[in-house]
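*Asks:* Data: start-v9.pdb, PDB, C-alpha atoms and all ligand atoms.
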```
ATOM      1  CA  MET A   1      12.546  36.111   1.182
ATOM      2  CA  GLN A   2      10.491  32.942   0.925
ATOM      3  CA  PRO A   3      12.233  30.157  -1.005
ATOM      4  CA  ARG A   4      10.498  29.709  -4.315
ATOM      5  CA  ALA A   5       8.229  26.680  -4.421
ATOM      6  CA  GLU A   6       9.557  24.006  -6.750
ATOM      7  CA  PRO A   7       7.585  23.734  -9.966
ATOM      8  CA  PRO A   8       5.572  20.547 -10.364
ATOM      9  CA  LEU A   9       7.360  17.709 -12.122
ATOM     10  CA  ILE A  10       4.254  16.886 -14.147
ATOM     11  CA  ARG A  11       1.669  19.435 -15.219
ATOM     12  CA  LEU A  12      -1.440  18.878 -17.330
ATOM     13  CA  ARG A  13      -3.656  21.774 -18.347
ATOM     14  CA  GLY A  14      -6.962  21.488 -20.155
ATOM     15  CA  VAL A  15      -5.953  18.207 -21.745
ATOM     16  CA  ARG A  16      -8.154  16.417 -24.219
ATOM     17  CA  VAL A  17      -7.295  13.014 -25.671
ATOM     18  CA  SER A  18      -9.594  11.315 -28.164
ATOM     19  CA  TYR A  19      -9.694   7.986 -29.890
ATOM     20  CA  GLY A  20     -11.138   8.826 -33.282
ATOM     21  CA  SER A  21     -13.759  11.488 -32.678
ATOM     22  CA  ARG A  22     -14.558  10.366 -29.109
ATOM     23  CA  PRO A  23     -12.847  12.324 -26.315
ATOM     24  CA  VAL A  24     -11.655   9.976 -23.566
ATOM     25  CA  LEU A  25      -9.885  12.582 -21.427
ATOM     26  CA  GLU A  26     -11.461  16.016 -21.387
ATOM     27  CA  GLY A  27     -10.388  19.195 -19.629
ATOM     28  CA  LEU A  28      -7.890  17.288 -17.487
ATOM     29  CA  GLU A  29      -5.882  19.317 -14.956
ATOM     30  CA  LEU A  30      -3.148  17.711 -12.880
ATOM     31  CA  GLU A  31      -0.004  18.689 -11.042
ATOM     32  CA  VAL A  32       2.362  16.133  -9.572
ATOM     33  CA  GLY A  33       5.230  17.314  -7.382
ATOM     34  CA  LYS A  34       8.735  15.939  -7.279
ATOM     35  CA  ASN A  35       8.867  12.637  -5.357
ATOM     36  CA  GLU A  36       5.088  12.542  -4.946
ATOM     37  CA  ARG A  37       3.144   9.286  -5.039
ATOM     38  CA  LEU A  38       0.022   9.702  -7.141
ATOM     39  CA  LEU A  39      -2.470   6.864  -7.327
ATOM     40  CA  VAL A  40      -5.074   7.081 -10.050
ATOM     41  CA  THR A  41      -8.205   5.037  -9.456
ATOM     42  CA  GLY A  42     -11.559   4.954 -11.184
ATOM     43  CA  PRO A  43     -13.925   2.598 -12.949
ATOM     44  CA  SER A  44     -13.025   0.535 -15.971
ATOM     45  CA  GLY A  45     -13.007   2.700 -19.088
ATOM     46  CA  ALA A  46     -12.455   5.946 -17.127
ATOM     47  CA  GLY A  47      -9.223   6.690 -18.984
ATOM     48  CA  LYS A  48      -6.472   5.560 -16.562
ATOM     49  CA  THR A  49      -4.449   3.674 -19.155
ATOM     50  CA  THR A  50      -4.982   6.522 -21.584
ATOM     51  CA  LEU A  51      -3.489   8.917 -19.014
ATOM     52  CA  ILE A  52      -0.436   6.681 -18.499
ATOM     53  CA  ARG A  53       0.013   6.397 -22.273
ATOM     54  CA  LEU A  54      -0.227  10.165 -22.586
ATOM     55  CA  LEU A  55       2.432  10.659 -19.898
ATOM     56  CA  CYS A  56       4.851   8.242 -21.530
ATOM     57  CA  GLY A  57       4.453   9.940 -24.891
ATOM     58  CA  ALA A  58       2.650   7.060 -26.606
ATOM     59  CA  LEU A  59      -0.401   9.287 -27.172
ATOM     60  CA  ARG A  60      -0.639  12.987 -27.901
ATOM     61  CA  ALA A  61      -3.024  15.509 -26.418
ATOM     62  CA  GLU A  62      -5.364  16.947 -28.981
ATOM     63  CA  ARG A  63      -5.825  20.033 -26.856
ATOM     64  CA  GLY A  64      -4.129  21.456 -23.749
ATOM     65  CA  GLU A  65      -0.614  21.224 -22.362
ATOM     66  CA  VAL A  66       1.416  18.338 -20.983
ATOM     67  CA  GLU A  67       4.718  19.189 -19.341
ATOM     68  CA  ILE A  68       7.061  16.733 -17.655
ATOM     69  CA  ASP A  69      10.301  17.734 -15.995
ATOM     70  CA  GLY A  70      10.361  21.010 -17.888
ATOM     71  CA  VAL A  71       9.693  19.443 -21.296
ATOM     72  CA  ARG A  72       6.451  20.247 -23.130
ATOM     73  CA  LEU A  73       5.357  16.984 -24.748
ATOM     74  CA  ASP A  74       3.465  18.812 -27.459
ATOM     75  CA  GLY A  75       5.822  20.555 -29.772
ATOM     76  CA  ALA A  76       9.000  19.332 -28.027
ATOM     77  CA  ARG A  77      12.010  18.702 -30.171
ATOM     78  CA  GLU A  78      12.758  15.032 -30.814
ATOM     79  CA  GLY A  79      16.040  15.289 -28.863
ATOM     80  CA  ASP A  80      14.260  16.708 -25.786
ATOM     81  CA  LEU A  81      11.640  13.972 -25.978
ATOM     82  CA  ARG A  82      14.316  11.300 -26.204
ATOM     83  CA  ARG A  83      16.125  12.688 -23.164
ATOM     84  CA  LEU A  84      12.838  12.819 -21.275
ATOM     85  CA  ARG A  85      11.971   9.214 -22.131
ATOM     86  CA  ARG A  86      15.315   8.129 -20.709
ATOM     87  CA  ARG A  87      14.225   9.542 -17.360
ATOM     88  CA  LEU A  88      10.915   7.651 -17.364
ATOM     89  CA  GLY A  89      10.364   4.098 -16.203
ATOM     90  CA  ILE A  90       7.185   2.428 -17.397
ATOM     91  CA  VAL A  91       5.465  -0.715 -16.158
ATOM     92  CA  PHE A  92       2.522  -1.979 -18.166
ATOM     93  CA  GLN A  93      -0.148  -4.293 -16.854
ATOM     94  CA  ASP A  94       1.223  -7.157 -18.919
ATOM     95  CA  PRO A  95       4.986  -7.506 -18.443
ATOM     96  CA  ARG A  96       5.861  -7.105 -22.182
ATOM     97  CA  LEU A  97       9.254  -8.729 -21.828
ATOM     98  CA  ILE A  98      10.856  -9.965 -25.029
ATOM     99  CA  ALA A  99      10.374 -13.729 -24.953
ATOM    100  CA  GLY A 100      13.427 -14.625 -27.050
ATOM    101  CA  PHE A 101      15.794 -12.594 -24.876
ATOM    102  CA  THR A 102      17.024 -13.533 -21.421
ATOM    103  CA  LEU A 103      16.156 -11.296 -18.483
ATOM    104  CA  ARG A 104      19.660  -9.872 -18.570
ATOM    105  CA  GLU A 105      19.262  -9.088 -22.286
ATOM    106  CA  ASN A 106      15.854  -7.512 -21.710
ATOM    107  CA  LEU A 107      17.347  -5.192 -19.107
ATOM    108  CA  ALA A 108      20.368  -4.434 -21.295
ATOM    109  CA  LEU A 109      18.030  -3.328 -24.076
ATOM    110  CA  ALA A 110      16.324  -0.887 -21.714
ATOM    111  CA  LEU A 111      19.691   0.524 -20.678
ATOM    112  CA  GLU A 112      20.873   0.739 -24.269
ATOM    113  CA  ALA A 113      17.727   2.688 -25.173
ATOM    114  CA  ALA A 114      18.573   5.078 -22.339
ATOM    115  CA  GLY A 115      22.051   5.601 -23.769
ATOM    116  CA  GLU A 116      23.954   3.712 -21.054
ATOM    117  CA  ARG A 117      27.573   2.829 -21.779
ATOM    118  CA  PRO A 118      28.023  -0.940 -22.334
ATOM    119  CA  GLU A 119      30.727  -1.351 -19.679
ATOM    120  CA  ARG A 120      28.422   0.079 -17.013
ATOM    121  CA  MET A 121      25.478  -2.178 -17.784
ATOM    122  CA  ALA A 122      26.423  -5.469 -16.144
ATOM    123  CA  PRO A 123      26.741  -4.255 -12.531
ATOM    124  CA  LYS A 124      23.518  -2.232 -12.815
ATOM    125  CA  ILE A 125      21.638  -5.240 -14.154
ATOM    126  CA  GLU A 126      22.895  -7.559 -11.417
ATOM    127  CA  ARG A 127      22.046  -5.017  -8.718
ATOM    128  CA  VAL A 128      18.498  -4.481  -9.930
ATOM    129  CA  LEU A 129      17.869  -8.215 -10.374
ATOM    130  CA  ALA A 130      18.912  -8.691  -6.751
ATOM    131  CA  ARG A 131      16.636  -5.834  -5.685
ATOM    132  CA  VAL A 132      13.585  -7.475  -7.241
ATOM    133  CA  GLY A 133      14.489 -10.911  -5.859
ATOM    134  CA  LEU A 134      15.625 -12.375  -9.187
ATOM    135  CA  ALA A 135      19.354 -12.656  -8.491
ATOM    136  CA  GLY A 136      20.666 -15.695 -10.324
ATOM    137  CA  ARG A 137      17.790 -15.644 -12.843
ATOM    138  CA  GLY A 138      19.445 -13.338 -15.368
ATOM    139  CA  ASP A 139      19.912 -16.167 -17.885
ATOM    140  CA  ALA A 140      16.258 -17.218 -17.736
ATOM    141  CA  TYR A 141      13.897 -16.501 -20.621
ATOM    142  CA  PRO A 142      10.654 -14.733 -19.666
ATOM    143  CA  PRO A 143       8.311 -17.631 -20.567
ATOM    144  CA  ALA A 144      10.129 -19.756 -17.975
ATOM    145  CA  LEU A 145       9.125 -17.346 -15.178
ATOM    146  CA  SER A 146       5.905 -17.250 -13.180
ATOM    147  CA  GLY A 147       3.506 -14.336 -13.638
ATOM    148  CA  GLY A 148       4.717 -12.674 -10.443
ATOM    149  CA  GLU A 149       8.351 -13.152 -11.428
ATOM    150  CA  GLN A 150       7.637 -11.659 -14.851
ATOM    151  CA  GLN A 151       5.999  -8.649 -13.260
ATOM    152  CA  ARG A 152       9.005  -8.171 -10.982
ATOM    153  CA  ALA A 153      11.257  -8.492 -14.056
ATOM    154  CA  ALA A 154       9.178  -5.813 -15.810
ATOM    155  CA  LEU A 155       9.659  -3.615 -12.777
ATOM    156  CA  ALA A 156      13.397  -4.344 -12.858
ATOM    157  CA  ARG A 157      13.436  -3.197 -16.477
ATOM    158  CA  ALA A 158      11.847   0.117 -15.451
ATOM    159  CA  LEU A 159      14.034   0.527 -12.351
ATOM    160  CA  VAL A 160      17.365  -0.315 -13.969
ATOM    161  CA  ARG A 161      17.345   3.177 -15.495
ATOM    162  CA  ASP A 162      16.910   4.804 -12.079
ATOM    163  CA  PRO A 163      13.908   6.723 -13.387
ATOM    164  CA  ARG A 164      12.951  10.170 -12.178
ATOM    165  CA  VAL A 165       9.339   9.314 -12.941
ATOM    166  CA  LEU A 166       7.924   5.821 -12.644
ATOM    167  CA  LEU A 167       4.644   5.257 -14.489
ATOM    168  CA  ALA A 168       2.818   2.026 -13.757
ATOM    169  CA  ASP A 169      -0.469   0.717 -15.114
ATOM    170  CA  GLU A 170      -2.080  -1.834 -12.774
ATOM    171  CA  PRO A 171       1.316  -3.173 -11.679
ATOM    172  CA  THR A 172      -0.337  -5.653  -9.313
ATOM    173  CA  GLY A 173      -3.270  -6.420 -11.612
ATOM    174  CA  ASN A 174      -2.671 -10.089 -12.320
ATOM    175  CA  LEU A 175      -0.877 -11.077  -9.137
ATOM    176  CA  ASP A 176      -1.803 -12.998  -6.017
ATOM    177  CA  ALA A 177      -1.561 -11.232  -2.649
ATOM    178  CA  ALA A 178       2.033 -12.250  -1.914
ATOM    179  CA  ALA A 179       3.344 -11.285  -5.362
ATOM    180  CA  ALA A 180       1.350  -8.033  -5.250
ATOM    181  CA  ALA A 181       2.892  -7.198  -1.862
ATOM    182  CA  ALA A 182       6.384  -7.798  -3.295
ATOM    183  CA  VAL A 183       5.690  -5.479  -6.242
ATOM    184  CA  THR A 184       4.211  -2.849  -3.914
ATOM    185  CA  ALA A 185       7.340  -2.951  -1.747
ATOM    186  CA  LEU A 186       9.481  -2.392  -4.848
ATOM    187  CA  LEU A 187       7.394   0.621  -5.871
ATOM    188  CA  GLU A 188       7.794   2.018  -2.370
ATOM    189  CA  ASP A 189      11.526   1.401  -2.593
ATOM    190  CA  ALA A 190      11.690   3.373  -5.870
ATOM    191  CA  TRP A 191       9.829   6.236  -4.180
ATOM    192  CA  ILE A 192      12.246   6.200  -1.221
ATOM    193  CA  ARG A 193      15.096   6.437  -3.739
ATOM    194  CA  GLY A 194      13.587   9.637  -5.079
ATOM    195  CA  ALA A 195      11.338   8.599  -7.966
ATOM    196  CA  THR A 196       8.010  10.305  -8.548
ATOM    197  CA  LEU A 197       5.301   7.663  -8.885
ATOM    198  CA  VAL A 198       2.169   7.781 -11.023
ATOM    199  CA  ILE A 199       0.267   4.537 -10.651
ATOM    200  CA  ALA A 200      -3.076   3.545 -12.145
ATOM    201  CA  THR A 201      -4.634   0.894  -9.947
ATOM    202  CA  HIS A 202      -7.801  -0.846  -8.826
ATOM    203  CA  ASP A 203      -5.954  -2.481  -5.952
ATOM    204  CA  PRO A 204      -6.987  -1.078  -2.545
ATOM    205  CA  ALA A 205      -4.140  -2.977  -0.842
ATOM    206  CA  LEU A 206      -1.594  -1.243  -3.093
ATOM    207  CA  ALA A 207      -3.142   2.160  -2.384
ATOM    208  CA  ALA A 208      -3.250   1.509   1.375
ATOM    209  CA  ARG A 209       0.345   0.310   1.561
ATOM    210  CA  LEU A 210       1.855   2.953  -0.665
ATOM    211  CA  GLY A 211       0.002   5.946   0.773
ATOM    212  CA  GLY A 212       0.333   9.183  -1.159
ATOM    213  CA  ARG A 213      -2.331  11.108  -3.029
ATOM    214  CA  LEU A 214      -5.349   9.328  -4.374
ATOM    215  CA  VAL A 215      -7.241  10.758  -7.326
ATOM    216  CA  ARG A 216     -10.237   9.310  -9.072
ATOM    217  CA  LEU A 217     -10.881   9.492 -12.776
ATOM    218  CA  GLU A 218     -14.450   9.241 -13.967
ATOM    219  CA  ARG A 219     -15.396   9.565 -17.601
ATOM    220  CA  GLY A 220     -12.169  11.298 -18.464
ATOM    221  CA  ALA A 221     -11.881  13.879 -15.667
ATOM    222  CA  PHE A 222     -10.804  13.884 -12.027
ATOM    223  CA  VAL A 223     -13.450  13.931  -9.308
ATOM    224  CA  ALA A 224     -13.241  14.489  -5.542
ATOM    225  CA  PRO A 225      -9.508  14.245  -4.933
ATOM    226  CA  GLY A 226      -8.329  13.091  -1.521
ATOM    227  CA  ARG A 227      -5.152  12.367   0.365
ATOM    228  CA  SER A 228      -4.604   9.143   2.255
TER     229      SER A 228
HETATM  230  N1  LIG B   1      -6.976   2.141 -28.805
HETATM  231  C1  LIG B   1      -8.219   2.548 -28.534
HETATM  232  N2  LIG B   1      -9.088   2.854 -29.518
HETATM  233  C2  LIG B   1     -10.333   3.284 -29.248
HETATM  234  N3  LIG B   1     -10.849   3.420 -28.005
HETATM  235  C3  LIG B   1     -10.027   3.121 -26.983
HETATM  236  C4  LIG B   1      -8.684   2.673 -27.182
HETATM  237  N4  LIG B   1      -8.126   2.455 -25.974
HETATM  238  C5  LIG B   1      -9.067   2.740 -25.055
HETATM  239  N5  LIG B   1     -10.217   3.148 -25.659
HETATM  240  C6  LIG B   1     -11.442   3.575 -24.973
HETATM  241  O1  LIG B   1     -11.124   4.684 -24.144
HETATM  242  C7  LIG B   1     -11.788   4.593 -22.894
HETATM  243  C8  LIG B   1     -10.757   4.655 -21.772
HETATM  244  O2  LIG B   1      -9.941   3.496 -21.854
HETATM  245  P1  LIG B   1      -8.745   3.223 -20.836
HETATM  246  O3  LIG B   1      -8.067   1.989 -21.303
HETATM  247  O4  LIG B   1      -7.928   4.446 -20.693
HETATM  248  O5  LIG B   1      -9.575   2.973 -19.494
HETATM  249  P2  LIG B   1      -9.063   2.459 -18.066
HETATM  250  O6  LIG B   1      -9.519   3.465 -17.060
HETATM  251  O7  LIG B   1      -7.621   2.152 -18.131
HETATM  252  O8  LIG B   1      -9.931   1.121 -17.873
HETATM  253  P3  LIG B   1      -9.524  -0.257 -17.122
HETATM  254  O9  LIG B   1      -9.735  -0.006 -15.676
HETATM  255  O10 LIG B   1     -10.514  -1.232 -17.675
HETATM  256  O11 LIG B   1      -8.113  -0.594 -17.494
HETATM  257  C9  LIG B   1     -12.595   3.303 -22.922
HETATM  258  O12 LIG B   1     -13.918   3.632 -23.238
HETATM  259  C10 LIG B   1     -11.956   2.512 -24.034
HETATM  260  O13 LIG B   1     -12.913   1.706 -24.676
HETATM  261 MG    MG B   2      -6.507   0.413 -17.948
END
```
Please render this file's structure as C-alpha cells.
*Replies:*
Amino acid sequence: MQPRAEPPLIRLRGVRVSYGSRPVLEGLELEVGKNERLLVTGPSGAGKTTLIRLLCGALRAERGEVEIDGVRLDGAREGDLRRLRRRLGIVFQDPRLIAGFTLRENLALALEAAGERPERMAPKIERVLARVGLAGRGDAYPPALSGGEQQRAALARALVRDPRVLLADEPTGNLDAAAAAAVTALLEDAWIRGATLVIATHDPALAARLGGRLVRLERGAFVAPGRS
C-alpha cells in the first residue's frame, strides 16, 4: 500500500477577504506543505500583507476556508485558535518591538503569550539572541538598536517560540544588503530546523537565496505559479 500523502499544513479554498465592500483577495486557493518555503511576490497593493494577516488570524475570510495545521480558522474554538497562534511565528515589515522593554523582556513576552514556563525562558532567550547575532544585547532597549538589529530582534521574537509556521511580511524590506543577507540566513536556518515558511517579499535576492516555491499575487489572486 502506498503511504498516505501528508495533508498540507496550510490550505485555503475559495477565500475572499474584503476591506469594507471591496474584495482584496478573491477566490484564493493555496496549499502549503509541511516544511515548504513559499515566497509570495506581486505588485504593491496585490494583497500580500492581507494574506499574511489572514494566515495569522488578524483578519477573517468573508468566504471560503482557511485551515492551518488541522485548525479551521473560521469557526474554530477560541482554545484551538490560541493553541494554533502559539505555533506561529510572525515577522512584520516594521519590527514592532516594545520600546520601553529590553530585548530580553520583549522575547519573554512572546514566550509568555505562548504559555512557556518562566523557569524555561531564560536559556531559550539567550540561545535565540546568540542565533541572531545579538548575544550580549539582551539588556538593550529597541530604540538603541540599528534598523537591521531591530529586524533581527523581531526575528528572534518569532523564532524563540520554535514556530511550526513562520510568517514574514517583507522581512528584508528596510535593510541594506548585508543586513538583508543576515536576515535571509536566519530564515533559512528556521526552515532547516523544520519550520514552514510563508514570506511576502519584493526582494529578488531573498527569493534567490532561499529557493522554494514562488507564487505571484495580482489583484487578489495567484497567477502563473513557478518553482525556483
Ligand atoms: N486596513 C485597510 N483598509 C482598507 N483597505 C486596505 C487596508 N489594508 C490594505 N488595504 C487595501 O488592500 C489592498 C491590498 O493591500 P496589501 O497591503 O495587502 O497589499 P500588498 O500586496 O501587501 O502591497 P505592498 O507590496 O505595497 O506591501 C490595497 O489596495 C490596499 O489599499
Ligand atoms: Mg504589504
*Asks:* Within 10 Å of A:Arg83, counting only C-alpha atoms, which residues show up once you throw out same-chain ones fewer than 6 positions away? Write them as a VMD selection string, please.
*Replies:* chain A and resid 71 114 to 115
*Asks:* Here is a test: counting only C-alpha atoms and all ligand atoms, which residue of A:Gly220, A:Gly33, A:Gly194, A:Gly79 is nearest to ligand LIG 1 (chain B)?
*Replies:*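 Checking each of A:Gly220, A:Gly33, A:Gly194, A:Gly79 against ligand LIG 1 (chain B), counting only C-alpha atoms and all ligand atoms, the winner is A:Gly220.
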*Asks:* Which neighbours of stretch 25-29 of chain A fall inside 10 Å, counting only C-alpha atoms, when residues of the same chain fewer than 5 positions from it are skipped, and could you give them as a PyMOL selection string?
*Replies:* chain A and resi 11-19+46-48+50-51+61-66+217-222
*Asks:* Using all atoms listed in the file, find each protein or nucleic acid residue lying at most 12 Å from ligand MG 2 (chain B); present the set as a ChimeraX atom specification.
*Replies:* /A:40-53,92-94,168-171,173,199-202,217
*Asks:* Would you save the residues of that selection, restricted to C-alpha atoms, as a PDB file, keeping the file's coordinate frame?
*Replies:*
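Heads up, here's the output in selection_11.pdb:
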```pdb
ATOM      1  CA  VAL A  40      -5.074   7.081 -10.050  1.00  0.00           C
ATOM      2  CA  THR A  41      -8.205   5.037  -9.456  1.00  0.00           C
ATOM      3  CA  GLY A  42     -11.559   4.954 -11.184  1.00  0.00           C
ATOM      4  CA  PRO A  43     -13.925   2.598 -12.949  1.00  0.00           C
ATOM      5  CA  SER A  44     -13.025   0.535 -15.971  1.00  0.00           C
ATOM      6  CA  GLY A  45     -13.007   2.700 -19.088  1.00  0.00           C
ATOM      7  CA  ALA A  46     -12.455   5.946 -17.127  1.00  0.00           C
ATOM      8  CA  GLY A  47      -9.223   6.690 -18.984  1.00  0.00           C
ATOM      9  CA  LYS A  48      -6.472   5.560 -16.562  1.00  0.00           C
ATOM     10  CA  THR A  49      -4.449   3.674 -19.155  1.00  0.00           C
ATOM     11  CA  THR A  50      -4.982   6.522 -21.584  1.00  0.00           C
ATOM     12  CA  LEU A  51      -3.489   8.917 -19.014  1.00  0.00           C
ATOM     13  CA  ILE A  52      -0.436   6.681 -18.499  1.00  0.00           C
ATOM     14  CA  ARG A  53       0.013   6.397 -22.273  1.00  0.00           C
ATOM     15  CA  PHE A  92       2.522  -1.979 -18.166  1.00  0.00           C
ATOM     16  CA  GLN A  93      -0.148  -4.293 -16.854  1.00  0.00           C
ATOM     17  CA  ASP A  94       1.223  -7.157 -18.919  1.00  0.00           C
ATOM     18  CA  ALA A 168       2.818   2.026 -13.757  1.00  0.00           C
ATOM     19  CA  ASP A 169      -0.469   0.717 -15.114  1.00  0.00           C
ATOM     20  CA  GLU A 170      -2.080  -1.834 -12.774  1.00  0.00           C
ATOM     21  CA  PRO A 171       1.316  -3.173 -11.679  1.00  0.00           C
ATOM     22  CA  GLY A 173      -3.270  -6.420 -11.612  1.00  0.00           C
ATOM     23  CA  ILE A 199       0.267   4.537 -10.651  1.00  0.00           C
ATOM     24  CA  ALA A 200      -3.076   3.545 -12.145  1.00  0.00           C
ATOM     25  CA  THR A 201      -4.634   0.894  -9.947  1.00  0.00           C
ATOM     26  CA  HIS A 202      -7.801  -0.846  -8.826  1.00  0.00           C
ATOM     27  CA  LEU A 217     -10.881   9.492 -12.776  1.00  0.00           C
TER      28      LEU A 217
END
```
*Asks:* Find the residues around stretch 155-166 of chain A up to 7 Å (all atoms listed in the file counted), leave out those fewer than 6 positions away in its own chain, and share them as number ranges by chain.
*Replies:* A: 87-91, 107, 110-111, 124-125, 128-129, 132, 195-198
*Asks:* Can you measure atom O5 of ligand LIG 1 (chain B) to atom CA of A:Gly20 for me? One decimal in Å is fine.
*Replies:* 15.1 Å
